[in-house]
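Okay, structure-v7.cif is below, mmCIF, N, CA and C atoms:
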data_coords
#
loop_
_atom_site.label_atom_id
_atom_site.label_comp_id
_atom_site.auth_asym_id
_atom_site.auth_seq_id
_atom_site.Cartn_x
_atom_site.Cartn_y
_atom_site.Cartn_z
N MET J 1249 96.70 79.51 109.50
CA MET J 1249 96.00 80.76 109.74
C MET J 1249 96.30 81.69 108.58
N GLY J 1250 95.28 82.28 108.00
CA GLY J 1250 95.45 83.19 106.87
C GLY J 1250 95.91 84.56 107.31
N ALA J 1251 96.21 85.36 106.34
CA ALA J 1251 96.65 86.73 106.62
C ALA J 1251 95.49 87.53 107.18
N PRO J 1252 95.75 88.39 108.17
CA PRO J 1252 94.69 89.24 108.68
C PRO J 1252 94.27 90.23 107.60
N ALA J 1253 93.04 90.68 107.69
CA ALA J 1253 92.54 91.65 106.72
C ALA J 1253 93.39 92.90 106.78
N ALA J 1254 93.60 93.52 105.61
CA ALA J 1254 94.35 94.77 105.58
C ALA J 1254 93.62 95.79 106.44
N LEU J 1255 94.34 96.64 107.10
CA LEU J 1255 93.72 97.63 107.95
C LEU J 1255 94.48 98.93 107.86
N THR J 1256 93.78 99.98 108.16
CA THR J 1256 94.40 101.29 108.27
C THR J 1256 94.51 101.57 109.75
N PRO J 1257 95.70 101.82 110.26
CA PRO J 1257 95.81 102.09 111.68
C PRO J 1257 94.95 103.29 112.05
N PRO J 1258 94.30 103.24 113.19
CA PRO J 1258 93.51 104.39 113.62
C PRO J 1258 94.41 105.58 113.86
N PRO J 1259 93.85 106.80 113.84
CA PRO J 1259 94.67 107.99 114.05
C PRO J 1259 95.52 107.92 115.30
N SER J 1260 95.01 107.27 116.35
CA SER J 1260 95.77 107.19 117.59
C SER J 1260 97.00 106.29 117.46
N ALA J 1261 97.08 105.50 116.39
CA ALA J 1261 98.22 104.62 116.19
C ALA J 1261 98.96 104.99 114.91
N ALA J 1262 98.95 106.26 114.55
CA ALA J 1262 99.55 106.70 113.30
C ALA J 1262 101.05 106.53 113.28
N ARG J 1263 101.69 106.68 114.41
CA ARG J 1263 103.15 106.55 114.47
C ARG J 1263 103.48 105.31 115.29
N VAL J 1264 103.89 104.26 114.58
CA VAL J 1264 104.18 102.98 115.21
C VAL J 1264 105.68 102.73 115.10
N ILE J 1265 106.29 102.40 116.22
CA ILE J 1265 107.73 102.14 116.28
C ILE J 1265 107.95 100.75 116.88
N VAL J 1266 108.96 100.05 116.35
CA VAL J 1266 109.33 98.75 116.88
C VAL J 1266 110.79 98.79 117.30
N VAL J 1267 111.06 98.20 118.46
CA VAL J 1267 112.42 98.09 118.97
C VAL J 1267 112.63 96.66 119.48
N GLY J 1268 113.87 96.31 119.73
CA GLY J 1268 114.21 95.01 120.28
C GLY J 1268 115.64 94.66 119.93
N PRO J 1269 116.15 93.60 120.52
CA PRO J 1269 117.52 93.20 120.22
C PRO J 1269 117.66 92.68 118.80
N CYS J 1270 118.87 92.68 118.30
CA CYS J 1270 119.15 92.13 116.97
C CYS J 1270 118.69 90.67 116.93
N GLY J 1271 117.92 90.32 115.93
CA GLY J 1271 117.46 88.95 115.78
C GLY J 1271 116.10 88.67 116.38
N ALA J 1272 115.45 89.68 116.96
CA ALA J 1272 114.14 89.45 117.58
C ALA J 1272 113.01 89.41 116.55
N GLY J 1273 113.23 89.96 115.34
CA GLY J 1273 112.22 89.91 114.30
C GLY J 1273 111.68 91.25 113.86
N LYS J 1274 112.37 92.33 114.16
CA LYS J 1274 111.89 93.68 113.82
C LYS J 1274 111.74 93.88 112.32
N THR J 1275 112.73 93.52 111.55
CA THR J 1275 112.68 93.72 110.10
C THR J 1275 111.61 92.84 109.47
N THR J 1276 111.52 91.61 109.90
CA THR J 1276 110.51 90.69 109.38
C THR J 1276 109.11 91.23 109.68
N LEU J 1277 108.90 91.74 110.89
CA LEU J 1277 107.60 92.31 111.25
C LEU J 1277 107.30 93.53 110.39
N ALA J 1278 108.27 94.42 110.24
CA ALA J 1278 108.05 95.63 109.45
C ALA J 1278 107.66 95.28 108.01
N LEU J 1279 108.34 94.32 107.42
CA LEU J 1279 108.03 93.92 106.04
C LEU J 1279 106.65 93.29 105.93
N SER J 1280 106.30 92.43 106.88
CA SER J 1280 105.00 91.75 106.80
C SER J 1280 103.85 92.71 107.07
N LEU J 1281 104.04 93.68 107.97
CA LEU J 1281 102.98 94.66 108.20
C LEU J 1281 102.87 95.64 107.04
N HIS J 1282 104.00 95.97 106.45
CA HIS J 1282 103.99 96.87 105.29
C HIS J 1282 103.13 96.27 104.17
N ALA J 1283 103.22 94.95 104.01
CA ALA J 1283 102.42 94.27 102.99
C ALA J 1283 100.93 94.39 103.28
N LEU J 1284 100.57 94.65 104.54
CA LEU J 1284 99.16 94.83 104.92
C LEU J 1284 98.76 96.30 104.92
N GLY J 1285 99.69 97.16 104.56
CA GLY J 1285 99.39 98.59 104.55
C GLY J 1285 99.63 99.29 105.87
N ILE J 1286 100.30 98.61 106.78
CA ILE J 1286 100.64 99.20 108.08
C ILE J 1286 102.11 99.56 108.07
N HIS J 1287 102.42 100.81 108.31
CA HIS J 1287 103.80 101.25 108.26
C HIS J 1287 104.31 101.51 109.67
N LEU J 1288 105.50 101.02 109.93
CA LEU J 1288 106.13 101.27 111.22
C LEU J 1288 107.60 101.54 110.99
N ARG J 1289 108.19 102.17 111.97
CA ARG J 1289 109.62 102.48 111.90
C ARG J 1289 110.37 101.63 112.90
N GLN J 1290 111.55 101.20 112.49
CA GLN J 1290 112.45 100.52 113.39
C GLN J 1290 113.42 101.55 113.95
N ILE J 1291 113.59 101.54 115.23
CA ILE J 1291 114.56 102.43 115.87
C ILE J 1291 115.69 101.55 116.40
N ALA J 1292 116.91 101.89 116.07
CA ALA J 1292 118.07 101.08 116.47
C ALA J 1292 118.46 101.39 117.91
N GLN J 1293 117.47 101.31 118.79
CA GLN J 1293 117.70 101.59 120.21
C GLN J 1293 118.77 100.67 120.79
N GLU J 1294 118.83 99.45 120.32
CA GLU J 1294 119.79 98.49 120.87
C GLU J 1294 121.23 98.88 120.59
N HIS J 1295 121.45 99.79 119.64
CA HIS J 1295 122.80 100.24 119.31
C HIS J 1295 123.10 101.64 119.83
N SER J 1296 122.14 102.26 120.48
CA SER J 1296 122.28 103.65 120.89
C SER J 1296 122.70 103.79 122.35
N PHE J 1297 123.52 104.80 122.58
CA PHE J 1297 123.88 105.14 123.95
C PHE J 1297 122.89 106.14 124.54
N VAL J 1298 121.89 106.54 123.75
CA VAL J 1298 120.84 107.46 124.21
C VAL J 1298 119.69 106.60 124.71
N PRO J 1299 119.46 106.53 126.02
CA PRO J 1299 118.47 105.59 126.57
C PRO J 1299 117.05 105.76 126.02
N ASP J 1300 116.68 106.98 125.66
CA ASP J 1300 115.32 107.20 125.18
C ASP J 1300 115.28 107.63 123.71
N LEU J 1301 116.21 107.11 122.93
CA LEU J 1301 116.24 107.43 121.50
C LEU J 1301 114.89 107.15 120.85
N TRP J 1302 114.24 106.08 121.25
CA TRP J 1302 112.94 105.69 120.70
C TRP J 1302 111.89 106.79 120.86
N HIS J 1303 112.08 107.68 121.82
CA HIS J 1303 111.11 108.72 122.17
C HIS J 1303 111.50 110.08 121.62
N ARG J 1304 112.68 110.20 121.04
CA ARG J 1304 113.16 111.49 120.53
C ARG J 1304 112.38 111.90 119.29
N GLY J 1305 112.32 113.18 119.04
CA GLY J 1305 111.54 113.66 117.90
C GLY J 1305 110.07 113.58 118.25
N THR J 1306 109.30 112.99 117.39
CA THR J 1306 107.88 112.80 117.65
C THR J 1306 107.70 111.46 118.35
N PRO J 1307 107.22 111.46 119.58
CA PRO J 1307 107.04 110.19 120.30
C PRO J 1307 106.05 109.28 119.58
N PRO J 1308 106.21 107.98 119.70
CA PRO J 1308 105.31 107.06 119.01
C PRO J 1308 103.93 107.03 119.67
N ASP J 1309 102.93 106.73 118.85
CA ASP J 1309 101.61 106.44 119.39
C ASP J 1309 101.56 105.01 119.92
N VAL J 1310 102.32 104.14 119.26
CA VAL J 1310 102.42 102.74 119.69
C VAL J 1310 103.89 102.34 119.64
N LEU J 1311 104.37 101.81 120.75
CA LEU J 1311 105.74 101.29 120.83
C LEU J 1311 105.65 99.78 121.00
N ILE J 1312 106.21 99.06 120.04
CA ILE J 1312 106.22 97.60 120.04
C ILE J 1312 107.61 97.15 120.45
N PHE J 1313 107.67 96.23 121.40
CA PHE J 1313 108.95 95.67 121.82
C PHE J 1313 108.95 94.19 121.49
N LEU J 1314 109.82 93.81 120.54
CA LEU J 1314 110.02 92.40 120.23
C LEU J 1314 111.26 91.94 120.96
N ASP J 1315 111.17 90.80 121.59
CA ASP J 1315 112.28 90.29 122.37
C ASP J 1315 112.54 88.84 121.98
N ALA J 1316 113.75 88.39 122.22
CA ALA J 1316 114.12 86.99 122.02
C ALA J 1316 115.36 86.73 122.85
N SER J 1317 115.54 85.48 123.19
CA SER J 1317 116.69 85.09 124.02
C SER J 1317 118.00 85.21 123.25
N PHE J 1318 119.08 85.19 123.98
CA PHE J 1318 120.41 85.21 123.38
C PHE J 1318 120.56 84.06 122.39
N GLU J 1319 120.11 82.88 122.79
CA GLU J 1319 120.24 81.69 121.94
C GLU J 1319 119.45 81.85 120.64
N THR J 1320 118.24 82.35 120.75
CA THR J 1320 117.39 82.53 119.56
C THR J 1320 117.98 83.58 118.63
N CYS J 1321 118.37 84.72 119.18
CA CYS J 1321 118.95 85.79 118.35
C CYS J 1321 120.21 85.31 117.65
N THR J 1322 121.03 84.56 118.37
CA THR J 1322 122.28 84.05 117.80
C THR J 1322 122.00 83.08 116.65
N ALA J 1323 121.04 82.20 116.85
CA ALA J 1323 120.71 81.22 115.81
C ALA J 1323 120.07 81.88 114.59
N ARG J 1324 119.17 82.82 114.82
CA ARG J 1324 118.48 83.47 113.69
C ARG J 1324 119.43 84.26 112.81
N LYS J 1325 120.35 84.95 113.41
CA LYS J 1325 121.25 85.83 112.65
C LYS J 1325 122.62 85.21 112.40
N ARG J 1326 122.84 84.02 112.94
CA ARG J 1326 124.15 83.35 112.84
C ARG J 1326 125.27 84.27 113.35
N PHE J 1327 124.94 84.95 114.45
CA PHE J 1327 125.91 85.87 115.06
C PHE J 1327 127.07 85.11 115.67
N LYS J 1328 128.19 85.75 115.68
CA LYS J 1328 129.34 85.27 116.42
C LYS J 1328 129.63 86.32 117.48
N TRP J 1329 128.67 86.47 118.38
CA TRP J 1329 128.80 87.46 119.44
C TRP J 1329 128.78 86.73 120.77
N LEU J 1330 129.08 87.46 121.80
CA LEU J 1330 129.11 86.88 123.14
C LEU J 1330 127.87 87.34 123.90
N GLU J 1331 127.50 86.57 124.91
CA GLU J 1331 126.32 86.93 125.69
C GLU J 1331 126.41 88.33 126.30
N PRO J 1332 127.61 88.80 126.73
CA PRO J 1332 127.67 90.18 127.23
C PRO J 1332 127.24 91.22 126.18
N ASP J 1333 127.47 90.95 124.89
CA ASP J 1333 127.02 91.87 123.84
C ASP J 1333 125.48 91.92 123.81
N TYR J 1334 124.86 90.76 123.91
CA TYR J 1334 123.40 90.68 123.96
C TYR J 1334 122.87 91.39 125.20
N LEU J 1335 123.50 91.15 126.33
CA LEU J 1335 123.06 91.78 127.57
C LEU J 1335 123.20 93.30 127.51
N GLU J 1336 124.22 93.78 126.82
CA GLU J 1336 124.37 95.23 126.64
C GLU J 1336 123.22 95.77 125.79
N GLN J 1337 122.82 95.05 124.76
CA GLN J 1337 121.66 95.49 123.98
C GLN J 1337 120.42 95.53 124.87
N GLN J 1338 120.23 94.53 125.69
CA GLN J 1338 119.08 94.52 126.59
C GLN J 1338 119.12 95.71 127.55
N ARG J 1339 120.31 96.06 128.03
CA ARG J 1339 120.44 97.21 128.91
C ARG J 1339 120.04 98.49 128.17
N ARG J 1340 120.49 98.62 126.94
CA ARG J 1340 120.17 99.81 126.14
C ARG J 1340 118.68 99.89 125.78
N LEU J 1341 118.00 98.76 125.84
CA LEU J 1341 116.58 98.71 125.51
C LEU J 1341 115.67 98.85 126.73
N ALA J 1342 116.25 98.96 127.91
CA ALA J 1342 115.46 98.95 129.15
C ALA J 1342 114.39 100.03 129.19
N ASP J 1343 114.72 101.24 128.79
CA ASP J 1343 113.75 102.33 128.85
C ASP J 1343 112.58 102.05 127.89
N ALA J 1344 112.89 101.61 126.69
CA ALA J 1344 111.83 101.29 125.73
C ALA J 1344 110.97 100.14 126.24
N ARG J 1345 111.61 99.13 126.83
CA ARG J 1345 110.85 97.99 127.35
C ARG J 1345 109.87 98.45 128.42
N SER J 1346 110.29 99.36 129.26
CA SER J 1346 109.42 99.81 130.35
C SER J 1346 108.29 100.71 129.88
N HIS J 1347 108.37 101.21 128.65
CA HIS J 1347 107.33 102.11 128.12
C HIS J 1347 106.53 101.51 126.96
N CYS J 1348 106.80 100.27 126.58
CA CYS J 1348 106.15 99.72 125.39
C CYS J 1348 104.66 99.48 125.62
N HIS J 1349 103.92 99.55 124.53
CA HIS J 1349 102.49 99.28 124.55
C HIS J 1349 102.21 97.80 124.37
N ILE J 1350 103.08 97.14 123.64
CA ILE J 1350 102.95 95.69 123.44
C ILE J 1350 104.35 95.09 123.48
N TYR J 1351 104.48 94.01 124.25
CA TYR J 1351 105.73 93.27 124.39
C TYR J 1351 105.47 91.85 123.89
N LEU J 1352 106.33 91.39 122.99
CA LEU J 1352 106.21 90.02 122.50
C LEU J 1352 107.56 89.33 122.54
N ALA J 1353 107.62 88.22 123.25
CA ALA J 1353 108.79 87.35 123.18
C ALA J 1353 108.57 86.47 121.95
N THR J 1354 109.48 86.53 121.01
CA THR J 1354 109.28 85.88 119.71
C THR J 1354 109.96 84.53 119.58
N ASP J 1355 110.61 84.06 120.63
CA ASP J 1355 111.38 82.81 120.55
C ASP J 1355 110.57 81.65 119.95
N TRP J 1356 109.34 81.50 120.36
CA TRP J 1356 108.54 80.34 119.95
C TRP J 1356 107.41 80.71 119.01
N LEU J 1357 107.44 81.93 118.48
CA LEU J 1357 106.40 82.37 117.55
C LEU J 1357 106.93 82.37 116.12
N THR J 1358 106.07 82.04 115.18
CA THR J 1358 106.44 82.16 113.77
C THR J 1358 106.32 83.63 113.37
N PRO J 1359 106.96 84.03 112.29
CA PRO J 1359 106.78 85.42 111.82
C PRO J 1359 105.31 85.78 111.60
N MET J 1360 104.51 84.84 111.10
CA MET J 1360 103.08 85.12 110.88
C MET J 1360 102.35 85.30 112.20
N GLU J 1361 102.72 84.55 113.22
CA GLU J 1361 102.08 84.71 114.53
C GLU J 1361 102.43 86.08 115.13
N VAL J 1362 103.67 86.51 114.97
CA VAL J 1362 104.06 87.83 115.46
C VAL J 1362 103.26 88.90 114.71
N ARG J 1363 103.22 88.79 113.39
CA ARG J 1363 102.46 89.74 112.58
C ARG J 1363 101.00 89.79 113.00
N ASP J 1364 100.38 88.63 113.16
CA ASP J 1364 98.96 88.58 113.50
C ASP J 1364 98.69 89.17 114.87
N ARG J 1365 99.55 88.91 115.83
CA ARG J 1365 99.35 89.47 117.18
C ARG J 1365 99.50 90.98 117.19
N VAL J 1366 100.49 91.48 116.46
CA VAL J 1366 100.67 92.93 116.41
C VAL J 1366 99.52 93.58 115.65
N ALA J 1367 99.11 92.98 114.54
CA ALA J 1367 97.98 93.54 113.76
C ALA J 1367 96.72 93.55 114.62
N ALA J 1368 96.48 92.49 115.38
CA ALA J 1368 95.30 92.45 116.26
C ALA J 1368 95.40 93.54 117.33
N PHE J 1369 96.57 93.74 117.87
CA PHE J 1369 96.76 94.78 118.87
C PHE J 1369 96.45 96.16 118.27
N LEU J 1370 96.96 96.38 117.07
CA LEU J 1370 96.74 97.67 116.42
C LEU J 1370 95.26 97.89 116.08
N ARG J 1371 94.52 96.80 115.89
CA ARG J 1371 93.09 96.90 115.65
C ARG J 1371 92.34 97.15 116.95
N GLY J 1372 93.02 97.00 118.08
CA GLY J 1372 92.35 97.19 119.37
C GLY J 1372 91.89 95.91 120.02
N ALA J 1373 92.28 94.78 119.42
CA ALA J 1373 91.87 93.49 119.97
C ALA J 1373 92.97 92.86 120.79
N GLY J 1374 94.10 93.61 120.96
CA GLY J 1374 95.27 93.05 121.62
C GLY J 1374 95.01 92.68 123.03
#

Give the structure from this file in structure tokens form.
Amino acid sequence: MGAPAALTPPPSAARVIVVGPCGAGKTTLALSLHALGIHLRQIAQEHSFVPDLWHRGTPPDVLIFLDASFETCTARKRFKWLEPDYLEQQRRLADARSHCHIYLATDWLTPMEVRDRVAAFLRGAG
């Protein structure tokens, strides 16, 4: 599958934020969308004790939640963490998960598939 056509996010999607546990693919998504001219911010919600950090300041027009299992996150980042650490990140992400506009479990998706699905969503075809 080729790269989706470059697009300019519509005004309603001007502020795009991505959250998720470490290793879910946030940085990879941000870099691949940036190459298409789509800019988004990563919020380190998984490290914050502020449950709605993702919503502080100017709330996002689009909130993307990338998720992956403990096993996937551990393998991708070669973490030496324990499952309770992952579960704590999931707890800290609960508010964002319940308010996201698009949720993607990335365990079985390639980075290009994640990019294409998010780009399609931002185009309104999600």

Exactly which residues make up the result of the PyMOL selection byres ((chain J and resi 1356-1367) around 7) on this file, given as a VMD selection string? chain J and resid 1252 1276 to 1277 1280 to 1281 1353 to 1355 1368 to 1374

The residues within 8 Å of (115.6, 88.7, 122.4), using only N, CA and C atoms and the coordinates of the file, should be reported as a ChimeraX atom specification; which are they? /J:1268-1273,1314-1322,1338,1353-1355

- Query: Which residues, written as number ranges by chain, have at least one atom at most 7 Å from Val1264 in chain J, with only N, CA and C atoms counted and residues fewer than 4 positions away on the same chain left out?
  - Reply: J: 1287-1290, 1308-1312

Next, write the just-selected residues to a file, as a PDB file, keeping the file's coordinate frame, keeping N, CA and C atoms as the atom set.
ATOM      1  N   HIS J1287     102.420 100.810 108.310  1.00  0.00           N
ATOM      2  CA  HIS J1287     103.800 101.250 108.260  1.00  0.00           C
ATOM      3  C   HIS J1287     104.310 101.510 109.670  1.00  0.00           C
ATOM      4  N   LEU J1288     105.500 101.020 109.930  1.00  0.00           N
ATOM      5  CA  LEU J1288     106.130 101.270 111.220  1.00  0.00           C
ATOM      6  C   LEU J1288     107.600 101.540 110.990  1.00  0.00           C
ATOM      7  N   ARG J1289     108.190 102.170 111.970  1.00  0.00           N
ATOM      8  CA  ARG J1289     109.620 102.480 111.900  1.00  0.00           C
ATOM      9  C   ARG J1289     110.370 101.630 112.900  1.00  0.00           C
ATOM     10  N   GLN J1290     111.550 101.200 112.490  1.00  0.00           N
ATOM     11  CA  GLN J1290     112.450 100.520 113.390  1.00  0.00           C
ATOM     12  C   GLN J1290     113.420 101.550 113.950  1.00  0.00           C
ATOM     13  N   PRO J1308     106.210 107.980 119.700  1.00  0.00           N
ATOM     14  CA  PRO J1308     105.310 107.060 119.010  1.00  0.00           C
ATOM     15  C   PRO J1308     103.930 107.030 119.670  1.00  0.00           C
ATOM     16  N   ASP J1309     102.930 106.730 118.850  1.00  0.00           N
ATOM     17  CA  ASP J1309     101.610 106.440 119.390  1.00  0.00           C
ATOM     18  C   ASP J1309     101.560 105.010 119.920  1.00  0.00           C
ATOM     19  N   VAL J1310     102.320 104.140 119.260  1.00  0.00           N
ATOM     20  CA  VAL J1310     102.420 102.740 119.690  1.00  0.00           C
ATOM     21  C   VAL J1310     103.890 102.340 119.640  1.00  0.00           C
ATOM     22  N   LEU J1311     104.370 101.810 120.750  1.00  0.00           N
ATOM     23  CA  LEU J1311     105.740 101.290 120.830  1.00  0.00           C
ATOM     24  C   LEU J1311     105.650  99.780 121.000  1.00  0.00           C
ATOM     25  N   ILE J1312     106.210  99.060 120.040  1.00  0.00           N
ATOM     26  CA  ILE J1312     106.220  97.600 120.040  1.00  0.00           C
ATOM     27  C   ILE J1312     107.610  97.150 120.450  1.00  0.00           C
TER      28      ILE J1312
END

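When all atoms listed in the file are used to compute distances to Ala1292 in chain J, the closest of the residues J:Phe1327, J:Val1267, J:Arg1339, J:Pro1332 turns out to be J:Val1267.
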
Quick one: everything within 8 Å of Pro1299 in chain J, counting only C-alpha atoms, minus sequence neighbours fewer than 5 positions away in the same chain. Send it as a ChimeraX atom specification. /J:1293,1340-1344

Taken to one decimal, the CA of Asp1300 in chain J-CA of Arg1324 in chain J distance is 26.6 Å

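Atom N of Leu1330 in chain J to atom N of Lys1274 in chain J spans 19.0 Å [interatomic distance, one decimal].
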
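Distance-wise, CA of Arg1304 in chain J and atom N of Lys1325 in chain J end up 28.4 Å apart.
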
Report task. Go through chain J and collect every residue that DSSP, computed from the backbone, puts in strand (DSSP E); the answer should be as a PyMOL selection string. Result -> chain J and resi 1264-1267+1289-1290+1310-1315+1350-1353

Mind writing the picked residues with N, CA and C atoms as a tab-separated table (two decimals), in the frame of the given file?
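Saved to selection-v7.tsv:
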chain	number	residue	atom	x	y	z
J	1264	VAL	N	103.89	104.26	114.58
J	1264	VAL	CA	104.18	102.98	115.21
J	1264	VAL	C	105.68	102.73	115.10
J	1265	ILE	N	106.29	102.40	116.22
J	1265	ILE	CA	107.73	102.14	116.28
J	1265	ILE	C	107.95	100.75	116.88
J	1266	VAL	N	108.96	100.05	116.35
J	1266	VAL	CA	109.33	98.75	116.88
J	1266	VAL	C	110.79	98.79	117.30
J	1267	VAL	N	111.06	98.20	118.46
J	1267	VAL	CA	112.42	98.09	118.97
J	1267	VAL	C	112.63	96.66	119.48
J	1289	ARG	N	108.19	102.17	111.97
J	1289	ARG	CA	109.62	102.48	111.90
J	1289	ARG	C	110.37	101.63	112.90
J	1290	GLN	N	111.55	101.20	112.49
J	1290	GLN	CA	112.45	100.52	113.39
J	1290	GLN	C	113.42	101.55	113.95
J	1310	VAL	N	102.32	104.14	119.26
J	1310	VAL	CA	102.42	102.74	119.69
J	1310	VAL	C	103.89	102.34	119.64
J	1311	LEU	N	104.37	101.81	120.75
J	1311	LEU	CA	105.74	101.29	120.83
J	1311	LEU	C	105.65	99.78	121.00
J	1312	ILE	N	106.21	99.06	120.04
J	1312	ILE	CA	106.22	97.60	120.04
J	1312	ILE	C	107.61	97.15	120.45
J	1313	PHE	N	107.67	96.23	121.40
J	1313	PHE	CA	108.95	95.67	121.82
J	1313	PHE	C	108.95	94.19	121.49
J	1314	LEU	N	109.82	93.81	120.54
J	1314	LEU	CA	110.02	92.40	120.23
J	1314	LEU	C	111.26	91.94	120.96
J	1315	ASP	N	111.17	90.80	121.59
J	1315	ASP	CA	112.28	90.29	122.37
J	1315	ASP	C	112.54	88.84	121.98
J	1350	ILE	N	103.08	97.14	123.64
J	1350	ILE	CA	102.95	95.69	123.44
J	1350	ILE	C	104.35	95.09	123.48
J	1351	TYR	N	104.48	94.01	124.25
J	1351	TYR	CA	105.73	93.27	124.39
J	1351	TYR	C	105.47	91.85	123.89
J	1352	LEU	N	106.33	91.39	122.99
J	1352	LEU	CA	106.21	90.02	122.50
J	1352	LEU	C	107.56	89.33	122.54
J	1353	ALA	N	107.62	88.22	123.25
J	1353	ALA	CA	108.79	87.35	123.18
J	1353	ALA	C	108.57	86.47	121.95

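Proximity to Cys1348 in chain J was assessed for J:His1303, J:Phe1313, J:Val1298, J:Val1266 counting only N, CA and C atoms; the smallest distance is recorded for J:Phe1313.
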
Q: Output as a PyMOL selection string all residues of range 1269-1352 of chain J that backbone DSSP marks as alpha helix (DSSP H).
A: chain J and resi 1274-1282+1318-1325+1331-1340+1342-1347
